[in-house]
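First the structure, in the form of structure tokens, and then the observations on it.
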Amino acid sequence: MFTQSLNIPVTGNKAAPVAHTPDDQFCALTGHAGLVASEFPYRKDEEIYGEDEPAEYVYQVIRGAVRTYKLLSDGRRQIGTFLLPGDVFGLESGMTHRLAAEAIIDTTVRLVKRRSLDQAAGSDVQVARKLWTMTAGELRHAEDHMLLLGRKNAMERVANFLLEMDRRLAVAGMMALPMCRRDIGDYLGLTLETVSRALSQLHGEGVLGFSGARQIVLRNHQRLRSMDA
């Protein structure tokens, strides 16, 4: 059983996190009730960790949303994934982070030392299975995203994104997107203008409706699924 607090160095103007006993959700994800985690707040667009920085912690989104991304040599940004409340991230196969991560909006994350998880996995088969399941899930997402970027046209990519967000975000038939259209474009490998045209076309066809800048109602799921097939 691991009960140590997380001693996270303070950098810049970030406040030090406060250690606390993890709730049932985090215990279920880690599979080890003795792990002590810390909560840490990040402001909108604040970096959580950078590319190639040491992967010392594993994170879980509590409130808000996070994007992981890589800056390409020509200055373009490729977003790898969007993390929403409950999602775990930062679990790397190597010793450094392959992508950077930053808060999309004001966000609170929970952190646990990777070393503690590794030690727990070495002595508890349930923890090892949980970590393997999370790693396999990330691999599946990376494979699906690669196929999305390599094999689908612009409208198919947007349809796929809307269906994904509908599954993860929709409440009472409406989803409130935390990310902007530029983020969506960088995730789908499309320009901002292309994303805007696709959404406008779907709106014109009655497939979706807007309620505010980022609130979307999907009115024809079947039509989107046919595009994504």
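By convention here, the chains of the structure tokens are called A, B, ... in the order presented, each chain's residues are numbered starting at 1, and ligands are numbered starting at 1 in the order presented.
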Which residues are near Val109 of chain A? Cut-off 8 Å, only C-alpha atoms, ignore same chain within fewer than 2 positions. Put them as a JSON list (two decimals) with C-alpha atoms, in the first residue's frame.
[["chain", "number", "residue", "atom", "x", "y", "z"],
["A", 39, "GLU", "CA", -5.29, 17.84, -7.34],
["A", 40, "PHE", "CA", -3.76, 20.62, -9.37],
["A", 41, "PRO", "CA", -5.53, 23.52, -11.15],
["A", 42, "TYR", "CA", -4.52, 24.83, -14.57],
["A", 59, "TYR", "CA", -2.99, 12.37, -14.66],
["A", 60, "GLN", "CA", -6.76, 12.25, -14.58],
["A", 61, "VAL", "CA", -9.06, 15.07, -15.66],
["A", 62, "ILE", "CA", -11.44, 16.02, -12.85],
["A", 63, "ARG", "CA", -12.98, 19.19, -14.30],
["A", 107, "THR", "CA", -9.13, 22.63, -15.64],
["A", 111, "LEU", "CA", -1.95, 13.40, -10.31]]
10 Å contact set for Gly185 of chain A, only C-alpha atoms, chain neighbours under 2 positions out, as a PDB file with C-alpha atoms, in the first residue's frame:
ATOM      1  CA  ARG A  77       0.103  21.785 -34.554  1.00  0.00           C
ATOM      2  CA  GLN A  78      -1.280  18.257 -34.583  1.00  0.00           C
ATOM      3  CA  ILE A  79      -3.615  17.491 -31.697  1.00  0.00           C
ATOM      4  CA  ALA A 154     -13.004  16.301 -44.648  1.00  0.00           C
ATOM      5  CA  ARG A 157     -13.613  13.398 -40.401  1.00  0.00           C
ATOM      6  CA  VAL A 158     -16.006  16.036 -39.072  1.00  0.00           C
ATOM      7  CA  CYS A 180     -12.740  25.789 -30.484  1.00  0.00           C
ATOM      8  CA  ARG A 181     -12.961  25.126 -34.215  1.00  0.00           C
ATOM      9  CA  ARG A 182      -9.228  25.671 -34.650  1.00  0.00           C
ATOM     10  CA  ASP A 183      -8.633  22.889 -32.118  1.00  0.00           C
ATOM     11  CA  TYR A 187      -7.220  17.328 -34.373  1.00  0.00           C
ATOM     12  CA  LEU A 188      -8.691  16.345 -37.735  1.00  0.00           C
ATOM     13  CA  GLY A 189      -5.838  17.611 -39.905  1.00  0.00           C
ATOM     14  CA  LEU A 190      -8.084  20.272 -41.475  1.00  0.00           C
ATOM     15  CA  THR A 191      -8.008  24.042 -41.729  1.00  0.00           C
ATOM     16  CA  LEU A 192     -10.286  26.212 -39.637  1.00  0.00           C
ATOM     17  CA  GLU A 193     -12.121  27.252 -42.783  1.00  0.00           C
ATOM     18  CA  THR A 194     -12.743  23.645 -43.824  1.00  0.00           C
ATOM     19  CA  VAL A 195     -14.165  22.762 -40.411  1.00  0.00           C
ATOM     20  CA  SER A 196     -16.433  25.820 -40.488  1.00  0.00           C
TER      21      SER A 196
END
Select, from A:Gly64, A:Pro178, A:Gly137, A:Gly206, the residue with the minimum atom-to-atom distance to Leu91 of chain A, counting only C-alpha atoms.
A:Gly137
Residue list (helix (DSSP H, G or I), DSSP) for segment 10-194 of chain A, as a ChimeraX atom specification:
/A:24-30,114-123,125-151,154-169,181-188,192-194
Let me see the file: selected residues, C-alpha atoms, as a short mmCIF file (atom, residue, chain, number, x, y, z; two decimals), in the first residue's frame.
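For reference, part.cif as written:
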data_model
loop_
_atom_site.label_atom_id
_atom_site.label_comp_id
_atom_site.auth_asym_id
_atom_site.auth_seq_id
_atom_site.Cartn_x
_atom_site.Cartn_y
_atom_site.Cartn_z
CA ASP A 24 -13.73 5.94 -5.57
CA GLN A 25 -13.45 6.92 -9.24
CA PHE A 26 -9.70 7.32 -9.15
CA CYS A 27 -9.28 4.17 -7.06
CA ALA A 28 -11.26 2.26 -9.66
CA LEU A 29 -9.05 3.56 -12.45
CA THR A 30 -5.80 2.78 -10.68
CA ARG A 114 4.19 7.08 -12.00
CA ARG A 115 6.80 5.41 -9.80
CA SER A 116 4.10 4.58 -7.25
CA LEU A 117 1.90 3.08 -9.96
CA ASP A 118 4.82 1.04 -11.30
CA GLN A 119 5.57 -0.27 -7.81
CA ALA A 120 1.92 -1.09 -7.24
CA ALA A 121 1.74 -2.91 -10.58
CA GLY A 122 4.73 -5.01 -9.57
CA SER A 123 2.96 -6.31 -6.48
CA VAL A 125 -1.90 -8.04 -10.62
CA GLN A 126 -5.12 -5.99 -10.67
CA VAL A 127 -3.14 -2.76 -10.94
CA ALA A 128 -1.01 -4.24 -13.72
CA ARG A 129 -4.15 -5.21 -15.63
CA LYS A 130 -5.66 -1.74 -15.21
CA LEU A 131 -2.48 -0.10 -16.51
CA TRP A 132 -2.38 -2.50 -19.46
CA THR A 133 -6.04 -1.77 -20.24
CA MET A 134 -5.39 1.99 -20.23
CA THR A 135 -2.30 1.60 -22.41
CA ALA A 136 -4.18 -0.62 -24.88
CA GLY A 137 -6.99 1.94 -25.03
CA GLU A 138 -4.54 4.70 -25.91
CA LEU A 139 -3.04 2.51 -28.63
CA ARG A 140 -6.48 1.82 -30.12
CA HIS A 141 -7.24 5.54 -30.17
CA ALA A 142 -3.92 6.30 -31.88
CA GLU A 143 -4.62 3.65 -34.53
CA ASP A 144 -8.15 4.92 -35.13
CA HIS A 145 -6.90 8.49 -35.38
CA MET A 146 -4.22 7.48 -37.89
CA LEU A 147 -6.87 5.82 -40.08
CA LEU A 148 -9.12 8.86 -39.72
CA LEU A 149 -6.40 11.21 -40.96
CA GLY A 150 -5.17 8.91 -43.71
CA ARG A 151 -8.35 7.48 -45.20
CA ALA A 154 -13.00 16.30 -44.65
CA MET A 155 -16.73 15.70 -44.16
CA GLU A 156 -16.15 12.14 -42.95
CA ARG A 157 -13.61 13.40 -40.40
CA VAL A 158 -16.01 16.04 -39.07
CA ALA A 159 -18.82 13.48 -38.87
CA ASN A 160 -16.55 11.10 -36.97
CA PHE A 161 -15.58 13.87 -34.55
CA LEU A 162 -19.19 14.87 -33.89
CA LEU A 163 -20.21 11.28 -33.19
CA GLU A 164 -17.25 10.83 -30.85
CA MET A 165 -18.07 14.00 -28.90
CA ASP A 166 -21.75 13.05 -28.82
CA ARG A 167 -20.84 9.78 -27.12
CA ARG A 168 -18.56 11.49 -24.63
CA LEU A 169 -20.26 14.83 -23.95
CA ARG A 181 -12.96 25.13 -34.22
CA ARG A 182 -9.23 25.67 -34.65
CA ASP A 183 -8.63 22.89 -32.12
CA ILE A 184 -11.03 20.65 -34.04
CA GLY A 185 -9.15 21.39 -37.26
CA ASP A 186 -5.78 20.60 -35.67
CA TYR A 187 -7.22 17.33 -34.37
CA LEU A 188 -8.69 16.35 -37.74
CA LEU A 192 -10.29 26.21 -39.64
CA GLU A 193 -12.12 27.25 -42.78
CA THR A 194 -12.74 23.65 -43.82
#
Residue contacts of Phe82 of chain A (9 Å, only C-alpha atoms) excluding same-chain residues fewer than 5 positions away, as a PDB file with C-alpha atoms, in the first residue's frame:
ATOM      1  CA  ALA A  65     -10.669  19.521 -20.673  1.00  0.00           C
ATOM      2  CA  VAL A  66      -7.133  18.849 -21.899  1.00  0.00           C
ATOM      3  CA  ARG A  67      -5.551  18.519 -25.339  1.00  0.00           C
ATOM      4  CA  THR A  68      -2.343  16.666 -26.173  1.00  0.00           C
ATOM      5  CA  ILE A 104      -8.254  23.845 -23.079  1.00  0.00           C
ATOM      6  CA  MET A 179     -12.615  23.138 -27.752  1.00  0.00           C
ATOM      7  CA  TYR A 187      -7.220  17.328 -34.373  1.00  0.00           C
TER       8      TYR A 187
END
Gly90 of chain A environment, 9 Å, only C-alpha atoms, sequence neighbours closer than 6 positions dropped, as a PyMOL selection string:
chain A and resi 49+55-60+97+99+101
Shell around segment 210-214 of chain A at 7 Å using only C-alpha atoms, local window under 2 positions removed, as a PyMOL selection string:
chain A and resi 176-177+208+216-217
Can you write out the residues you just picked, keeping N, CA and C atoms, as a short mmCIF file (atom, residue, chain, number, x, y, z; two decimals), in the first residue's frame?
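That gives us again_21.cif:
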data_model
loop_
_atom_site.label_atom_id
_atom_site.label_comp_id
_atom_site.auth_asym_id
_atom_site.auth_seq_id
_atom_site.Cartn_x
_atom_site.Cartn_y
_atom_site.Cartn_z
N ALA A 176 -21.84 20.40 -25.28
CA ALA A 176 -21.15 21.68 -25.16
C ALA A 176 -19.67 21.43 -25.36
N LEU A 177 -19.15 21.82 -26.52
CA LEU A 177 -17.76 21.54 -26.85
C LEU A 177 -16.83 22.50 -26.10
N LEU A 208 -27.47 18.94 -37.90
CA LEU A 208 -27.17 19.44 -36.56
C LEU A 208 -27.72 20.84 -36.40
N ILE A 216 -23.97 22.18 -29.54
CA ILE A 216 -24.45 21.54 -30.76
C ILE A 216 -25.46 20.45 -30.40
N VAL A 217 -26.52 20.38 -31.17
CA VAL A 217 -27.50 19.31 -31.06
C VAL A 217 -27.45 18.49 -32.35
#
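With distances restricted to only C-alpha atoms, A:Val112 is the closest residue to Val36 of chain A from A:Val112, A:Leu218, A:Gly173, A:Ala198.
When DSSP is run on the backbone, the residues of segment 166-221 of chain A that fall into strand (DSSP E) are Met174, Met175, Ala176, Leu208, Gly209, Phe210, Gln215, Ile216, Val217 and Leu218 of chain A.
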Could you turn the residues from that selection into a file that holds N, CA and C atoms, as a PDB file, in the first residue's frame?
ATOM      1  N   MET A 174     -27.772  17.490 -26.040  1.00  0.00           N
ATOM      2  CA  MET A 174     -26.918  18.602 -26.460  1.00  0.00           C
ATOM      3  C   MET A 174     -25.500  18.393 -25.953  1.00  0.00           C
ATOM      4  N   MET A 175     -24.522  18.743 -26.786  1.00  0.00           N
ATOM      5  CA  MET A 175     -23.137  18.680 -26.334  1.00  0.00           C
ATOM      6  C   MET A 175     -22.539  20.082 -26.352  1.00  0.00           C
ATOM      7  N   ALA A 176     -21.840  20.395 -25.283  1.00  0.00           N
ATOM      8  CA  ALA A 176     -21.152  21.680 -25.161  1.00  0.00           C
ATOM      9  C   ALA A 176     -19.668  21.425 -25.361  1.00  0.00           C
ATOM     10  N   LEU A 208     -27.474  18.938 -37.902  1.00  0.00           N
ATOM     11  CA  LEU A 208     -27.170  19.435 -36.563  1.00  0.00           C
ATOM     12  C   LEU A 208     -27.723  20.839 -36.396  1.00  0.00           C
ATOM     13  N   GLY A 209     -27.844  21.250 -35.150  1.00  0.00           N
ATOM     14  CA  GLY A 209     -28.296  22.595 -34.831  1.00  0.00           C
ATOM     15  C   GLY A 209     -27.340  23.238 -33.856  1.00  0.00           C
ATOM     16  N   PHE A 210     -27.264  24.563 -33.874  1.00  0.00           N
ATOM     17  CA  PHE A 210     -26.392  25.301 -32.967  1.00  0.00           C
ATOM     18  C   PHE A 210     -27.228  26.002 -31.905  1.00  0.00           C
ATOM     19  N   GLN A 215     -22.288  24.997 -28.540  1.00  0.00           N
ATOM     20  CA  GLN A 215     -23.308  24.032 -28.147  1.00  0.00           C
ATOM     21  C   GLN A 215     -23.996  23.504 -29.391  1.00  0.00           C
ATOM     22  N   ILE A 216     -23.968  22.182 -29.538  1.00  0.00           N
ATOM     23  CA  ILE A 216     -24.455  21.538 -30.755  1.00  0.00           C
ATOM     24  C   ILE A 216     -25.460  20.452 -30.400  1.00  0.00           C
ATOM     25  N   VAL A 217     -26.519  20.384 -31.174  1.00  0.00           N
ATOM     26  CA  VAL A 217     -27.501  19.314 -31.063  1.00  0.00           C
ATOM     27  C   VAL A 217     -27.449  18.494 -32.352  1.00  0.00           C
ATOM     28  N   LEU A 218     -27.249  17.195 -32.227  1.00  0.00           N
ATOM     29  CA  LEU A 218     -27.255  16.322 -33.402  1.00  0.00           C
ATOM     30  C   LEU A 218     -28.684  15.869 -33.667  1.00  0.00           C
TER      31      LEU A 218
END
Atom CA of Ser93 of chain A and atom CA of Glu51 of chain A are how many Å apart?
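Computing it gives 14.0 Å between the two atoms.
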For a test of reading the model, state the distance in Å between atom CA of Thr108 of chain A and atom CA of Val88 of chain A, rounded to one decimal.
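Pair atom CA of Thr108 of chain A / atom CA of Val88 of chain A returns 12.5 Å.
Among A:Glu205, A:Glu102, A:Asp228, A:Asp124, the residue with the shortest atom-to-atom distance to Glu46 of chain A, counting only C-alpha atoms, is A:Glu102.
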